[in-house]
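Asker: First, the structure itself, so that you have it in front of you.
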Amino acid sequence: QVQLVESGGGLVQAGGSLRLSCAASGRTLYHNAMAWFRQAPGKERVLVAAINWNGGKIDYLDSVKDRVTISRNNAENTVYLQMGNLKAEDTAVYYCAARGGTDYFTLSREASDYMYWGLGTQVTVSS
């Protein structure tokens, strides 16, 4: 059973920075593509960033790609999302996700393609 636990969310002023962490347990996700999604109230869950097993392939949401960096530390089974110059529209619950199944190693922008999910961490940006 895989468990993903996010941390690092909180309240920050516009222009500030946050670093989100996602710790995986239960089994190693060394070769699994992992991602961060976010969901604002009343909106769909959308991909923020995704990363393959070694960081050689990364995908970002266009509206944030100049302000966020996704990375992973496979030795610690952890994925990070560094966010800077935060804006009010970045306010959302941020979820960590990992792919599974036969396509576990490929990136995807579709939430339905991810098998494992954390419970989310709230990010609130005050303007």
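Simple scheme: letters A, B, ... for chains in structure tokens order, numbers from 1 for residues in each chain, numbers from 1 for ligands in the order shown.
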Taking only chain A into account, list the residues labelled helix (DSSP H, G or I) by DSSP (computed from the backbone), as a ChimeraX atom specification.
Answerer: /A:74-76,88-90,101-103,111-113
Asker: Store the residues picked out above, limited to C-alpha atoms, as a PDB file, in the first residue's frame.
Answerer:
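selection-v3.pdb, freshly written:
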ATOM      1  CA  ASN A  74      14.740   8.924  -4.935  1.00  0.00           C
ATOM      2  CA  ALA A  75      16.985   7.942  -2.054  1.00  0.00           C
ATOM      3  CA  GLU A  76      14.484   9.605   0.268  1.00  0.00           C
ATOM      4  CA  ALA A  88      -3.444  34.948  -5.463  1.00  0.00           C
ATOM      5  CA  GLU A  89      -4.498  32.620  -8.295  1.00  0.00           C
ATOM      6  CA  ASP A  90      -2.077  30.006  -6.981  1.00  0.00           C
ATOM      7  CA  GLY A 101       0.074   0.218 -13.493  1.00  0.00           C
ATOM      8  CA  THR A 102       1.800  -0.585 -16.750  1.00  0.00           C
ATOM      9  CA  ASP A 103       2.483   3.073 -17.648  1.00  0.00           C
ATOM     10  CA  ALA A 111      -5.399  13.240 -13.040  1.00  0.00           C
ATOM     11  CA  SER A 112      -7.194  10.016 -13.904  1.00  0.00           C
ATOM     12  CA  ASP A 113      -3.881   8.497 -15.030  1.00  0.00           C
TER      13      ASP A 113
END
Asker: Set the distance at 8 Å and use only C-alpha atoms: which residues neighbour A:Leu81 once local chain neighbours fewer than 4 positions away are removed? I'd like the list as a compact mmCIF listing (two decimals) with N, CA, C and O atoms, in the first residue's frame.
Answerer:
# COMPACT_ATOMS: atom_id res chain seq x y z
N ARG A 19 7.95 25.85 -0.39
CA ARG A 19 8.46 24.58 -0.88
C ARG A 19 7.58 23.46 -0.33
O ARG A 19 7.52 23.25 0.88
N LEU A 20 6.93 22.77 -1.24
CA LEU A 20 6.10 21.64 -0.86
C LEU A 20 6.91 20.36 -0.95
O LEU A 20 7.75 20.20 -1.84
N SER A 21 6.63 19.46 -0.03
CA SER A 21 7.28 18.15 -0.04
C SER A 21 6.23 17.06 -0.07
O SER A 21 5.14 17.21 0.47
N TRP A 36 2.61 16.95 -9.18
CA TRP A 36 1.84 17.83 -8.30
C TRP A 36 0.65 18.36 -9.09
O TRP A 36 0.82 18.86 -10.21
N VAL A 68 7.90 27.81 -10.87
CA VAL A 68 7.96 26.59 -10.06
C VAL A 68 9.04 25.64 -10.58
O VAL A 68 9.39 25.68 -11.76
N THR A 69 9.53 24.82 -9.67
CA THR A 69 10.49 23.79 -10.02
C THR A 69 10.12 22.51 -9.29
O THR A 69 9.96 22.52 -8.06
N ILE A 70 9.98 21.44 -10.05
CA ILE A 70 9.73 20.15 -9.45
C ILE A 70 11.03 19.36 -9.41
O ILE A 70 11.85 19.46 -10.34
N SER A 71 11.23 18.63 -8.35
CA SER A 71 12.43 17.81 -8.23
C SER A 71 12.10 16.59 -7.37
O SER A 71 11.05 16.54 -6.74
Asker: Determine, counting only C-alpha atoms, which protein, DNA and RNA residues have an atom within 10 Å of an atom of stretch 42-52 of chain A; residues of the same chain fewer than 5 positions away are not included. Present the result as a PyMOL selection string.
Answerer: chain A and resi 30-37+57-65+68-72+79+81+92-99+104-111
Asker: Just to be explicit: take each residue in the selection above, keep C-alpha atoms, and write the result as a PDB file, in the first residue's frame.
Answerer:
ATOM      1  CA  TYR A  30      11.914   4.944  -7.744  1.00  0.00           C
ATOM      2  CA  HIS A  31      10.764   4.409 -11.326  1.00  0.00           C
ATOM      3  CA  ASN A  32       7.309   5.942 -11.102  1.00  0.00           C
ATOM      4  CA  ALA A  33       6.435   9.247 -12.657  1.00  0.00           C
ATOM      5  CA  MET A  34       5.220  11.646 -10.002  1.00  0.00           C
ATOM      6  CA  ALA A  35       3.372  14.909 -10.120  1.00  0.00           C
ATOM      7  CA  TRP A  36       1.839  17.826  -8.296  1.00  0.00           C
ATOM      8  CA  PHE A  37      -1.738  18.804  -9.042  1.00  0.00           C
ATOM      9  CA  LYS A  57      11.543  14.563 -18.353  1.00  0.00           C
ATOM     10  CA  ILE A  58       9.548  17.326 -16.722  1.00  0.00           C
ATOM     11  CA  ASP A  59       6.250  18.927 -17.637  1.00  0.00           C
ATOM     12  CA  TYR A  60       4.838  22.162 -16.243  1.00  0.00           C
ATOM     13  CA  LEU A  61       1.555  24.004 -16.398  1.00  0.00           C
ATOM     14  CA  ASP A  62       2.217  26.911 -18.740  1.00  0.00           C
ATOM     15  CA  SER A  63       1.009  29.552 -16.332  1.00  0.00           C
ATOM     16  CA  VAL A  64       3.476  28.537 -13.625  1.00  0.00           C
ATOM     17  CA  LYS A  65       6.482  27.178 -15.489  1.00  0.00           C
ATOM     18  CA  VAL A  68       7.964  26.587 -10.059  1.00  0.00           C
ATOM     19  CA  THR A  69      10.495  23.790 -10.018  1.00  0.00           C
ATOM     20  CA  ILE A  70       9.725  20.145  -9.450  1.00  0.00           C
ATOM     21  CA  SER A  71      12.435  17.812  -8.230  1.00  0.00           C
ATOM     22  CA  ARG A  72      12.788  14.456  -6.546  1.00  0.00           C
ATOM     23  CA  VAL A  79       9.232  14.815  -4.415  1.00  0.00           C
ATOM     24  CA  LEU A  81       7.694  21.574  -5.571  1.00  0.00           C
ATOM     25  CA  ALA A  92      -5.509  25.912  -4.005  1.00  0.00           C
ATOM     26  CA  VAL A  93      -5.112  22.543  -2.389  1.00  0.00           C
ATOM     27  CA  TYR A  94      -1.961  20.958  -3.779  1.00  0.00           C
ATOM     28  CA  TYR A  95      -1.894  17.195  -4.225  1.00  0.00           C
ATOM     29  CA  CYS A  96       0.993  14.848  -4.772  1.00  0.00           C
ATOM     30  CA  ALA A  97       0.365  11.941  -7.132  1.00  0.00           C
ATOM     31  CA  ALA A  98       2.218   8.943  -8.500  1.00  0.00           C
ATOM     32  CA  ARG A  99       1.547   6.814 -11.523  1.00  0.00           C
ATOM     33  CA  TYR A 104       4.003   3.886 -14.296  1.00  0.00           C
ATOM     34  CA  PHE A 105       7.067   5.521 -15.842  1.00  0.00           C
ATOM     35  CA  THR A 106       5.395   7.991 -18.228  1.00  0.00           C
ATOM     36  CA  LEU A 107       4.273  11.534 -17.514  1.00  0.00           C
ATOM     37  CA  SER A 108       0.660  12.510 -17.914  1.00  0.00           C
ATOM     38  CA  ARG A 109      -1.378  15.670 -17.494  1.00  0.00           C
ATOM     39  CA  GLU A 110      -4.526  13.722 -16.685  1.00  0.00           C
ATOM     40  CA  ALA A 111      -5.399  13.240 -13.040  1.00  0.00           C
TER      41      ALA A 111
END
Asker: Please extract the residues of chain A with a backbone DSSP assignment of strand (DSSP E or B) and present them as JSON, numbers by chain.
Answerer: {"A": [3, 4, 5, 6, 7, 10, 11, 12, 13, 18, 19, 20, 21, 22, 23, 24, 25, 34, 35, 36, 37, 38, 39, 46, 47, 48, 49, 50, 51, 58, 59, 60, 68, 69, 70, 71, 72, 73, 78, 79, 80, 81, 82, 83, 92, 93, 94, 95, 96, 97, 98, 99, 114, 115, 116, 117, 121, 122, 123, 124, 125, 126]}
Asker: How many Å separate atom CA of A:Gln82 from atom CA of A:Arg67?
Answerer: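 Atom CA of A:Gln82 sits 8.2 Å away from atom CA of A:Arg67.
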Asker: Could you tell me how far atom CA of A:Gly84 sits from atom CA of A:Thr28, in Å to one decimal place?
Answerer: 29.0 Å
Asker: May I have the residues within 8 Å of A:Thr91 as a list in words, using only C-alpha atoms and disregarding those fewer than 5 positions away in the same chain?
Answerer: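 Everything that qualifies: Ala40, Gln122, Val123, Thr124 and Val125 of chain A.
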Asker: Using only C-alpha atoms, find the one residue out of A:Thr121, A:Leu18, A:Ala23, A:Met115 that sits nearest to A:Asn73.
Answerer: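 For A:Asn73, the nearest of the given residues is A:Ala23.
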Asker: May I ask for the distance between atom CA of A:Leu86 and atom CA of A:Arg38, given in Å to one decimal place?
Answerer: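 Result for atom CA of A:Leu86 versus atom CA of A:Arg38: 13.8 Å, one decimal.
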Asker: For A:Val5, which of A:Gly56, A:Asn77, A:Lys87, A:Tyr114 is the closest residue, counting only C-alpha atoms?
Answerer: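 The shortest atom-to-atom distance to A:Val5 comes from A:Asn77.
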Asker: Excluding A:Ser126 and any residue of its chain fewer than 5 positions from it, enumerate the residues within 7 Å of it, using only C-alpha atoms, and give them as a list in words.
Answerer: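 Answer for this query is Val12, Gln13, Ala14 and Ala88 of chain A.
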